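This is data_18.cif (mmCIF, N, CA and C atoms).
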data_work
#
loop_
_atom_site.label_atom_id
_atom_site.label_comp_id
_atom_site.auth_asym_id
_atom_site.auth_seq_id
_atom_site.Cartn_x
_atom_site.Cartn_y
_atom_site.Cartn_z
N MET A 1 -18.72 103.74 77.48
CA MET A 1 -17.71 104.48 78.18
C MET A 1 -16.88 103.50 78.98
N VAL A 2 -15.59 103.70 78.92
CA VAL A 2 -14.70 102.91 79.76
C VAL A 2 -14.00 103.85 80.73
N THR A 3 -13.60 103.31 81.86
CA THR A 3 -12.98 104.14 82.89
C THR A 3 -11.96 103.33 83.67
N SER A 4 -11.07 104.05 84.32
CA SER A 4 -10.11 103.41 85.23
C SER A 4 -10.55 103.57 86.68
N LEU A 5 -11.75 104.10 86.90
CA LEU A 5 -12.27 104.35 88.24
C LEU A 5 -12.19 103.08 89.09
N GLY A 6 -11.53 103.19 90.21
CA GLY A 6 -11.40 102.06 91.11
C GLY A 6 -10.23 101.15 90.77
N LEU A 7 -9.62 101.35 89.61
CA LEU A 7 -8.48 100.52 89.22
C LEU A 7 -7.17 101.28 89.35
N SER A 8 -7.21 102.59 89.07
CA SER A 8 -6.02 103.43 89.21
C SER A 8 -6.48 104.89 89.24
N ASP A 9 -5.53 105.79 89.47
CA ASP A 9 -5.83 107.22 89.46
C ASP A 9 -5.59 107.82 88.08
N CYS A 10 -5.44 106.97 87.06
CA CYS A 10 -5.22 107.42 85.68
C CYS A 10 -4.07 108.42 85.63
N PRO A 11 -2.85 107.95 85.86
CA PRO A 11 -1.71 108.86 85.88
C PRO A 11 -1.60 109.67 84.58
N GLN A 12 -1.32 110.97 84.71
CA GLN A 12 -1.29 111.87 83.56
C GLN A 12 -0.29 111.41 82.50
N ASP A 13 0.89 110.94 82.89
CA ASP A 13 1.88 110.48 81.91
C ASP A 13 1.35 109.30 81.10
N ASP A 14 0.66 108.37 81.77
CA ASP A 14 0.08 107.23 81.06
C ASP A 14 -1.04 107.68 80.14
N TRP A 15 -1.87 108.62 80.61
CA TRP A 15 -2.96 109.13 79.77
C TRP A 15 -2.40 109.83 78.53
N ALA A 16 -1.39 110.66 78.72
CA ALA A 16 -0.80 111.40 77.60
C ALA A 16 -0.16 110.47 76.58
N ALA A 17 0.25 109.28 77.01
CA ALA A 17 0.90 108.32 76.12
C ALA A 17 -0.09 107.49 75.30
N LEU A 18 -1.39 107.58 75.60
CA LEU A 18 -2.37 106.79 74.84
C LEU A 18 -2.41 107.24 73.39
N ASP A 19 -2.55 106.29 72.50
CA ASP A 19 -2.62 106.54 71.05
C ASP A 19 -4.03 106.20 70.58
N ALA A 20 -4.84 107.23 70.34
CA ALA A 20 -6.24 107.02 69.97
C ALA A 20 -6.37 106.20 68.69
N ALA A 21 -5.52 106.45 67.72
CA ALA A 21 -5.59 105.70 66.46
C ALA A 21 -5.31 104.22 66.70
N GLN A 22 -4.34 103.91 67.54
CA GLN A 22 -4.01 102.52 67.84
C GLN A 22 -5.13 101.86 68.63
N ILE A 23 -5.72 102.58 69.58
CA ILE A 23 -6.84 102.03 70.34
C ILE A 23 -8.01 101.71 69.41
N ALA A 24 -8.30 102.61 68.48
CA ALA A 24 -9.37 102.37 67.52
C ALA A 24 -9.06 101.14 66.67
N ALA A 25 -7.85 101.05 66.16
CA ALA A 25 -7.46 99.91 65.33
C ALA A 25 -7.55 98.60 66.11
N ASN A 26 -7.10 98.61 67.35
CA ASN A 26 -7.11 97.40 68.17
C ASN A 26 -8.52 96.93 68.51
N ASN A 27 -9.49 97.86 68.46
CA ASN A 27 -10.86 97.53 68.85
C ASN A 27 -11.83 97.53 67.68
N GLY A 28 -11.31 97.58 66.46
CA GLY A 28 -12.16 97.53 65.28
C GLY A 28 -13.06 98.74 65.13
N ALA A 29 -12.63 99.89 65.63
CA ALA A 29 -13.43 101.11 65.56
C ALA A 29 -12.85 102.05 64.52
N LEU A 30 -13.70 102.90 63.96
CA LEU A 30 -13.21 103.91 63.03
C LEU A 30 -12.41 104.99 63.74
N VAL A 31 -12.80 105.30 64.97
CA VAL A 31 -12.12 106.33 65.74
C VAL A 31 -12.30 106.05 67.22
N ALA A 32 -11.32 106.42 68.00
CA ALA A 32 -11.42 106.41 69.46
C ALA A 32 -11.18 107.83 69.92
N VAL A 33 -12.02 108.31 70.82
CA VAL A 33 -11.89 109.67 71.33
C VAL A 33 -11.38 109.60 72.76
N LEU A 34 -10.24 110.22 72.99
CA LEU A 34 -9.69 110.29 74.34
C LEU A 34 -10.34 111.48 75.02
N ASN A 35 -11.30 111.19 75.84
CA ASN A 35 -12.15 112.21 76.44
C ASN A 35 -11.97 112.16 77.95
N GLY A 36 -10.86 112.66 78.40
CA GLY A 36 -10.59 112.59 79.82
C GLY A 36 -9.22 113.12 80.14
N PRO A 37 -8.62 112.76 81.25
CA PRO A 37 -9.30 112.06 82.33
C PRO A 37 -10.43 112.90 82.91
N ARG A 38 -11.41 112.21 83.42
CA ARG A 38 -12.55 112.86 84.06
C ARG A 38 -12.68 112.36 85.49
N PHE A 39 -13.23 113.21 86.32
CA PHE A 39 -13.48 112.85 87.71
C PHE A 39 -14.98 112.96 87.91
N TRP A 40 -15.59 111.90 88.40
CA TRP A 40 -17.04 111.75 88.38
C TRP A 40 -17.70 112.16 89.68
N THR A 41 -18.91 112.69 89.55
CA THR A 41 -19.80 112.87 90.68
C THR A 41 -20.58 111.56 90.78
N LEU A 42 -20.24 110.75 91.73
CA LEU A 42 -20.72 109.37 91.74
C LEU A 42 -22.23 109.23 91.86
N ASP A 43 -22.94 110.19 92.43
CA ASP A 43 -24.38 110.02 92.52
C ASP A 43 -25.08 110.24 91.18
N ALA A 44 -24.34 110.65 90.13
CA ALA A 44 -24.92 110.84 88.81
C ALA A 44 -24.67 109.65 87.90
N ILE A 45 -24.12 108.58 88.44
CA ILE A 45 -23.77 107.42 87.63
C ILE A 45 -24.42 106.18 88.20
N ILE A 46 -25.00 105.38 87.30
CA ILE A 46 -25.47 104.05 87.68
C ILE A 46 -24.40 103.10 87.17
N SER A 47 -23.61 102.56 88.04
CA SER A 47 -22.45 101.78 87.64
C SER A 47 -22.79 100.31 87.48
N ASP A 48 -22.19 99.70 86.48
CA ASP A 48 -22.27 98.25 86.36
C ASP A 48 -21.62 97.63 87.59
N ILE A 49 -21.95 96.41 87.88
CA ILE A 49 -21.32 95.75 89.01
C ILE A 49 -19.85 95.53 88.68
N ARG A 50 -18.99 96.20 89.38
CA ARG A 50 -17.55 96.24 89.08
C ARG A 50 -16.95 94.85 88.97
N ASN A 51 -17.32 93.94 89.84
CA ASN A 51 -16.69 92.63 89.83
C ASN A 51 -17.02 91.81 88.60
N ASP A 52 -18.12 92.13 87.92
CA ASP A 52 -18.52 91.37 86.73
C ASP A 52 -18.08 92.02 85.43
N ALA A 53 -17.57 93.24 85.50
CA ALA A 53 -17.19 93.95 84.28
C ALA A 53 -15.81 93.51 83.81
N PRO A 54 -15.70 93.05 82.55
CA PRO A 54 -14.38 92.68 82.04
C PRO A 54 -13.52 93.94 81.90
N THR A 55 -12.23 93.78 82.12
CA THR A 55 -11.31 94.90 81.99
C THR A 55 -10.53 94.79 80.69
N GLN A 56 -9.99 95.93 80.28
CA GLN A 56 -9.16 96.01 79.10
C GLN A 56 -8.06 97.01 79.41
N VAL A 57 -6.86 96.80 78.90
CA VAL A 57 -5.74 97.70 79.15
C VAL A 57 -5.52 98.57 77.92
N PHE A 58 -5.50 99.89 78.16
CA PHE A 58 -5.19 100.87 77.12
C PHE A 58 -3.88 101.52 77.54
N GLY A 59 -2.81 101.28 76.77
CA GLY A 59 -1.49 101.75 77.20
C GLY A 59 -1.13 101.06 78.49
N ASN A 60 -0.94 101.83 79.55
CA ASN A 60 -0.66 101.27 80.88
C ASN A 60 -1.85 101.41 81.81
N ILE A 61 -3.02 101.77 81.28
CA ILE A 61 -4.17 102.06 82.13
C ILE A 61 -5.22 100.96 81.97
N GLU A 62 -5.50 100.25 83.05
CA GLU A 62 -6.55 99.25 83.05
C GLU A 62 -7.90 99.95 83.20
N MET A 63 -8.88 99.59 82.35
CA MET A 63 -10.19 100.21 82.39
C MET A 63 -11.26 99.15 82.26
N PHE A 64 -12.51 99.54 82.57
CA PHE A 64 -13.65 98.65 82.39
C PHE A 64 -14.84 99.46 81.92
N SER A 65 -15.80 98.77 81.30
CA SER A 65 -17.04 99.41 80.90
C SER A 65 -17.79 99.75 82.17
N ALA A 66 -18.04 101.05 82.39
CA ALA A 66 -18.42 101.48 83.71
C ALA A 66 -19.86 101.85 83.92
N ALA A 67 -20.45 102.63 83.04
CA ALA A 67 -21.67 103.27 83.49
C ALA A 67 -22.49 103.84 82.36
N THR A 68 -23.70 104.17 82.73
CA THR A 68 -24.54 105.04 81.93
C THR A 68 -24.84 106.26 82.80
N THR A 69 -24.97 107.41 82.20
CA THR A 69 -25.22 108.62 82.97
C THR A 69 -26.68 109.01 82.89
N GLN A 70 -27.13 109.74 83.88
CA GLN A 70 -28.49 110.26 83.90
C GLN A 70 -28.52 111.55 83.11
N LEU A 71 -29.18 111.55 81.97
CA LEU A 71 -29.14 112.69 81.06
C LEU A 71 -30.35 113.60 81.13
N GLY A 72 -31.33 113.29 81.96
CA GLY A 72 -32.59 114.01 81.96
C GLY A 72 -32.48 115.52 82.07
N SER A 73 -31.55 116.04 82.87
CA SER A 73 -31.45 117.49 83.05
C SER A 73 -30.42 118.13 82.14
N LEU A 74 -29.74 117.38 81.32
CA LEU A 74 -28.70 117.92 80.47
C LEU A 74 -29.23 118.95 79.47
N GLY A 75 -30.44 118.74 78.95
CA GLY A 75 -31.01 119.65 77.96
C GLY A 75 -31.13 121.08 78.44
N SER A 76 -31.27 121.28 79.74
CA SER A 76 -31.43 122.64 80.27
C SER A 76 -30.14 123.44 80.27
N VAL A 77 -28.99 122.79 80.11
CA VAL A 77 -27.72 123.51 80.14
C VAL A 77 -26.99 123.50 78.80
N LEU A 78 -27.46 122.73 77.84
CA LEU A 78 -26.82 122.69 76.52
C LEU A 78 -27.13 123.94 75.72
N GLN A 79 -26.17 124.36 74.91
CA GLN A 79 -26.39 125.45 73.98
C GLN A 79 -26.50 124.82 72.59
N LEU A 80 -27.72 124.44 72.22
CA LEU A 80 -27.95 123.69 70.99
C LEU A 80 -28.00 124.62 69.78
N PRO A 81 -27.59 124.11 68.61
CA PRO A 81 -27.73 124.88 67.38
C PRO A 81 -29.21 125.16 67.08
N ALA A 82 -29.47 126.20 66.32
CA ALA A 82 -30.85 126.56 65.94
C ALA A 82 -31.54 125.36 65.31
N GLY A 83 -32.76 125.07 65.76
CA GLY A 83 -33.54 123.97 65.21
C GLY A 83 -33.33 122.63 65.89
N TRP A 84 -32.33 122.51 66.76
CA TRP A 84 -32.07 121.26 67.45
C TRP A 84 -32.86 121.20 68.75
N THR A 85 -33.17 119.99 69.17
CA THR A 85 -33.80 119.78 70.47
C THR A 85 -33.07 118.64 71.17
N PHE A 86 -33.24 118.56 72.46
CA PHE A 86 -32.65 117.48 73.25
C PHE A 86 -33.78 116.78 73.98
N SER A 87 -33.77 115.46 73.92
CA SER A 87 -34.76 114.68 74.66
C SER A 87 -34.13 113.36 75.08
N THR A 88 -34.73 112.73 76.06
CA THR A 88 -34.28 111.42 76.50
C THR A 88 -35.48 110.49 76.55
N GLN A 89 -35.20 109.20 76.51
CA GLN A 89 -36.26 108.22 76.67
C GLN A 89 -35.64 106.91 77.16
N VAL A 90 -36.43 106.11 77.80
CA VAL A 90 -36.00 104.78 78.22
C VAL A 90 -36.46 103.80 77.16
N LEU A 91 -35.53 103.05 76.61
CA LEU A 91 -35.85 102.11 75.55
C LEU A 91 -36.41 100.81 76.12
N ALA A 92 -37.34 100.23 75.40
CA ALA A 92 -37.94 98.96 75.82
C ALA A 92 -37.05 97.78 75.47
N ALA A 93 -36.12 97.98 74.53
CA ALA A 93 -35.21 96.92 74.10
C ALA A 93 -33.89 97.56 73.70
N ASP A 94 -32.84 96.75 73.58
CA ASP A 94 -31.55 97.26 73.14
C ASP A 94 -31.68 97.90 71.77
N LEU A 95 -30.92 98.97 71.54
CA LEU A 95 -30.92 99.66 70.26
C LEU A 95 -29.49 99.79 69.79
N SER A 96 -29.20 99.30 68.61
CA SER A 96 -27.87 99.44 68.02
C SER A 96 -28.00 100.30 66.78
N ILE A 97 -27.26 101.39 66.75
CA ILE A 97 -27.29 102.29 65.61
C ILE A 97 -25.87 102.39 65.09
N LEU A 98 -25.64 101.92 63.90
CA LEU A 98 -24.30 101.97 63.33
C LEU A 98 -24.20 103.01 62.23
N SER A 99 -25.10 102.93 61.24
CA SER A 99 -25.04 103.86 60.12
C SER A 99 -26.34 103.80 59.34
N ASP A 100 -26.47 104.71 58.38
CA ASP A 100 -27.63 104.66 57.50
C ASP A 100 -27.38 103.65 56.39
N ASP A 101 -28.31 103.54 55.45
CA ASP A 101 -28.17 102.55 54.38
C ASP A 101 -26.94 102.80 53.51
N ALA A 102 -26.46 104.04 53.47
CA ALA A 102 -25.28 104.37 52.68
C ALA A 102 -23.98 104.21 53.46
N GLY A 103 -24.09 103.80 54.73
CA GLY A 103 -22.90 103.60 55.55
C GLY A 103 -22.44 104.84 56.29
N ASN A 104 -23.27 105.88 56.36
CA ASN A 104 -22.91 107.12 57.03
C ASN A 104 -23.48 107.17 58.44
N ALA A 105 -22.72 107.71 59.36
CA ALA A 105 -23.18 107.95 60.72
C ALA A 105 -22.90 109.41 61.05
N THR A 106 -23.87 110.10 61.63
CA THR A 106 -23.70 111.50 62.03
C THR A 106 -23.53 111.53 63.53
N ILE A 107 -22.34 111.89 63.98
CA ILE A 107 -22.00 111.89 65.39
C ILE A 107 -21.39 113.24 65.73
N VAL A 108 -21.87 113.87 66.80
CA VAL A 108 -21.35 115.18 67.22
C VAL A 108 -21.09 115.16 68.72
N GLN A 109 -20.30 116.14 69.17
CA GLN A 109 -20.07 116.33 70.59
C GLN A 109 -20.56 117.71 70.99
N ASP A 110 -21.10 117.83 72.22
CA ASP A 110 -21.52 119.12 72.73
C ASP A 110 -20.34 119.79 73.44
N GLU A 111 -20.62 120.95 74.01
CA GLU A 111 -19.55 121.71 74.67
C GLU A 111 -19.02 121.03 75.92
N PHE A 112 -19.68 119.97 76.39
CA PHE A 112 -19.21 119.21 77.55
C PHE A 112 -18.52 117.91 77.12
N GLN A 113 -18.30 117.73 75.82
CA GLN A 113 -17.70 116.55 75.21
C GLN A 113 -18.55 115.30 75.37
N ASN A 114 -19.87 115.47 75.57
CA ASN A 114 -20.79 114.35 75.50
C ASN A 114 -21.00 114.06 74.02
N THR A 115 -21.16 112.80 73.67
CA THR A 115 -21.24 112.40 72.27
C THR A 115 -22.65 111.95 71.94
N TYR A 116 -23.15 112.37 70.77
CA TYR A 116 -24.50 112.06 70.33
C TYR A 116 -24.45 111.55 68.90
N GLN A 117 -25.41 110.68 68.57
CA GLN A 117 -25.54 110.19 67.21
C GLN A 117 -26.94 110.52 66.70
N LEU A 118 -27.01 111.08 65.49
CA LEU A 118 -28.27 111.41 64.86
C LEU A 118 -29.01 110.13 64.52
N VAL A 119 -30.27 110.05 64.91
CA VAL A 119 -31.12 108.90 64.60
C VAL A 119 -32.20 109.37 63.65
N THR A 120 -32.32 108.73 62.51
CA THR A 120 -33.37 109.06 61.56
C THR A 120 -34.12 107.78 61.20
N GLY A 121 -35.31 107.93 60.67
CA GLY A 121 -36.08 106.77 60.25
C GLY A 121 -36.77 106.09 61.40
N PRO A 122 -37.30 104.89 61.11
CA PRO A 122 -38.09 104.18 62.14
C PRO A 122 -37.25 103.72 63.32
#

What does this structure look like when you write it as structure tokens?
Amino acid sequence: MVTSLGLSDCPQDDWAALDAAQIAANNGALVAVLNGPRFWTLDAIISDIRNDAPTQVFGNIEMFSAATTQLGSLGSVLQLPAGWTFSTQVLAADLSILSDDAGNATIVQDEFQNTYQLVTGP
């Protein structure tokens, strides 16, 4: 997640001018999702040390890699499809999930626009 928190108030005109396809192309991504602007409840975020986070400019908005959110209680408010479950865990090591052996990735968003990726196999 990237944010302009502490760098600007994310002006609406600048946000509306962002081009998701161009942002994806510039960053080597298949897609970029413009999911905001959002205003955070700061006690729910563990923020990276702001001074050490590199910034990047999207349109006219300077942003930085900001945070991970505490997801433990999210499962109690989600309306999951039949057969789905929600769980969290703390990983012992970094985990990178890009795609399956065929190059497919299953990624969905919930009603709060949180993004999830299906993990299968070991």

Can you measure CA of Ala32 (chain A) to atom C of Asp19 (chain A) for me? One decimal in Å is fine.
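Rounded to one decimal, the two atoms are 7.5 Å apart.
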
Straight-line distance linking CA of Asn60 (chain A) with atom C of Val31 (chain A), stated in Å to one decimal:
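Pair CA of Asn60 (chain A) / atom C of Val31 (chain A) returns 18.6 Å.
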
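Selection check: the PyMOL selection byres (((chain A and resi 78 and name CA) around 12) and name CA) on the shown file gives Leu71, Gly72, Ser73, Leu74, Gly75, Ser76, Val77, Gln79, Leu80, Pro81, Ala82, Trp84, Thr85, Phe86, Ser87, Gln109, Asp110, Glu111, Phe112, Gln113 and Asn114 of chain A.
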
Expanded to explicit residues, what is the PyMOL selection byres (((chain A and resi 15-17 and name CA) around 9) and name CA) for this file, as a PDB file with N, CA and C atoms, keeping the file's coordinate frame?
ATOM      1  N   CYS A  10      -5.440 106.970  87.060  1.00  0.00           N
ATOM      2  CA  CYS A  10      -5.220 107.420  85.680  1.00  0.00           C
ATOM      3  C   CYS A  10      -4.070 108.420  85.630  1.00  0.00           C
ATOM      4  N   PRO A  11      -2.850 107.950  85.860  1.00  0.00           N
ATOM      5  CA  PRO A  11      -1.710 108.860  85.880  1.00  0.00           C
ATOM      6  C   PRO A  11      -1.600 109.670  84.580  1.00  0.00           C
ATOM      7  N   GLN A  12      -1.320 110.970  84.710  1.00  0.00           N
ATOM      8  CA  GLN A  12      -1.290 111.870  83.560  1.00  0.00           C
ATOM      9  C   GLN A  12      -0.290 111.410  82.500  1.00  0.00           C
ATOM     10  N   ASP A  13       0.890 110.940  82.890  1.00  0.00           N
ATOM     11  CA  ASP A  13       1.880 110.480  81.910  1.00  0.00           C
ATOM     12  C   ASP A  13       1.350 109.300  81.100  1.00  0.00           C
ATOM     13  N   ASP A  14       0.660 108.370  81.770  1.00  0.00           N
ATOM     14  CA  ASP A  14       0.080 107.230  81.060  1.00  0.00           C
ATOM     15  C   ASP A  14      -1.040 107.680  80.140  1.00  0.00           C
ATOM     16  N   LEU A  18      -1.390 107.580  75.600  1.00  0.00           N
ATOM     17  CA  LEU A  18      -2.370 106.790  74.840  1.00  0.00           C
ATOM     18  C   LEU A  18      -2.410 107.240  73.390  1.00  0.00           C
ATOM     19  N   ASP A  19      -2.550 106.290  72.500  1.00  0.00           N
ATOM     20  CA  ASP A  19      -2.620 106.540  71.050  1.00  0.00           C
ATOM     21  C   ASP A  19      -4.030 106.200  70.580  1.00  0.00           C
ATOM     22  N   LEU A  34     -10.240 110.220  72.990  1.00  0.00           N
ATOM     23  CA  LEU A  34      -9.690 110.290  74.340  1.00  0.00           C
ATOM     24  C   LEU A  34     -10.340 111.480  75.020  1.00  0.00           C
ATOM     25  N   GLY A  36     -10.860 112.660  78.400  1.00  0.00           N
ATOM     26  CA  GLY A  36     -10.590 112.590  79.820  1.00  0.00           C
ATOM     27  C   GLY A  36      -9.220 113.120  80.140  1.00  0.00           C
ATOM     28  N   PRO A  37      -8.620 112.760  81.250  1.00  0.00           N
ATOM     29  CA  PRO A  37      -9.300 112.060  82.330  1.00  0.00           C
ATOM     30  C   PRO A  37     -10.430 112.900  82.910  1.00  0.00           C
ATOM     31  N   PHE A  58      -5.500  99.890  78.160  1.00  0.00           N
ATOM     32  CA  PHE A  58      -5.190 100.870  77.120  1.00  0.00           C
ATOM     33  C   PHE A  58      -3.880 101.520  77.540  1.00  0.00           C
ATOM     34  N   GLY A  59      -2.810 101.280  76.770  1.00  0.00           N
ATOM     35  CA  GLY A  59      -1.490 101.750  77.200  1.00  0.00           C
ATOM     36  C   GLY A  59      -1.130 101.060  78.490  1.00  0.00           C
ATOM     37  N   ASN A  60      -0.940 101.830  79.550  1.00  0.00           N
ATOM     38  CA  ASN A  60      -0.660 101.270  80.880  1.00  0.00           C
ATOM     39  C   ASN A  60      -1.850 101.410  81.810  1.00  0.00           C
ATOM     40  N   ILE A  61      -3.020 101.770  81.280  1.00  0.00           N
ATOM     41  CA  ILE A  61      -4.170 102.060  82.130  1.00  0.00           C
ATOM     42  C   ILE A  61      -5.220 100.960  81.970  1.00  0.00           C
TER      43      ILE A  61
END

For C-alpha atoms, please extract region 4-43 of chain A from the block and return it as a PDB file, in the first residue's frame.
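Writing done, so here's result-v4.pdb:
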ATOM      1  CA  SER A   4       0.308  10.397   0.642  1.00  0.00           C
ATOM      2  CA  LEU A   5      -0.246  10.545   4.421  1.00  0.00           C
ATOM      3  CA  GLY A   6       2.007  13.212   5.867  1.00  0.00           C
ATOM      4  CA  LEU A   7       3.091  14.396   2.428  1.00  0.00           C
ATOM      5  CA  SER A   8      -0.110  16.059   1.197  1.00  0.00           C
ATOM      6  CA  ASP A   9      -3.877  16.064   1.677  1.00  0.00           C
ATOM      7  CA  CYS A  10      -4.274  14.146  -1.617  1.00  0.00           C
ATOM      8  CA  PRO A  11      -6.151  16.871  -3.492  1.00  0.00           C
ATOM      9  CA  GLN A  12      -9.261  15.497  -5.236  1.00  0.00           C
ATOM     10  CA  ASP A  13      -8.345  17.021  -8.625  1.00  0.00           C
ATOM     11  CA  ASP A  14      -4.917  15.351  -8.519  1.00  0.00           C
ATOM     12  CA  TRP A  15      -6.456  12.040  -7.430  1.00  0.00           C
ATOM     13  CA  ALA A  16      -9.054  12.164 -10.216  1.00  0.00           C
ATOM     14  CA  ALA A  17      -6.270  12.790 -12.748  1.00  0.00           C
ATOM     15  CA  LEU A  18      -4.376   9.584 -11.873  1.00  0.00           C
ATOM     16  CA  ASP A  19      -4.217   7.029 -14.689  1.00  0.00           C
ATOM     17  CA  ALA A  20      -4.258   3.505 -13.228  1.00  0.00           C
ATOM     18  CA  ALA A  21      -3.146   1.906 -16.498  1.00  0.00           C
ATOM     19  CA  GLN A  22      -0.155   4.249 -16.742  1.00  0.00           C
ATOM     20  CA  ILE A  23       0.779   3.674 -13.093  1.00  0.00           C
ATOM     21  CA  ALA A  24       0.671  -0.088 -13.683  1.00  0.00           C
ATOM     22  CA  ALA A  25       2.795   0.208 -16.829  1.00  0.00           C
ATOM     23  CA  ASN A  26       5.332   2.465 -15.106  1.00  0.00           C
ATOM     24  CA  ASN A  27       5.703  -0.016 -12.238  1.00  0.00           C
ATOM     25  CA  GLY A  28       5.757  -3.265 -14.198  1.00  0.00           C
ATOM     26  CA  ALA A  29       2.380  -4.356 -12.817  1.00  0.00           C
ATOM     27  CA  LEU A  30      -0.511  -6.004 -14.620  1.00  0.00           C
ATOM     28  CA  VAL A  31      -2.960  -3.648 -12.942  1.00  0.00           C
ATOM     29  CA  ALA A  32      -3.002  -0.767 -10.473  1.00  0.00           C
ATOM     30  CA  VAL A  33      -6.120  -0.222  -8.387  1.00  0.00           C
ATOM     31  CA  LEU A  34      -6.912   3.327  -7.348  1.00  0.00           C
ATOM     32  CA  ASN A  35      -8.431   2.592  -3.981  1.00  0.00           C
ATOM     33  CA  GLY A  36      -8.901   5.894  -2.283  1.00  0.00           C
ATOM     34  CA  PRO A  37      -8.461   8.511  -1.198  1.00  0.00           C
ATOM     35  CA  ARG A  38      -8.785   7.020   2.251  1.00  0.00           C
ATOM     36  CA  PHE A  39      -8.535   8.599   5.662  1.00  0.00           C
ATOM     37  CA  TRP A  40      -6.961   6.357   8.278  1.00  0.00           C
ATOM     38  CA  THR A  41      -7.639   5.579  11.897  1.00  0.00           C
ATOM     39  CA  LEU A  42      -4.025   5.812  12.918  1.00  0.00           C
ATOM     40  CA  ASP A  43      -4.174   3.424  15.866  1.00  0.00           C
TER      41      ASP A  43
END
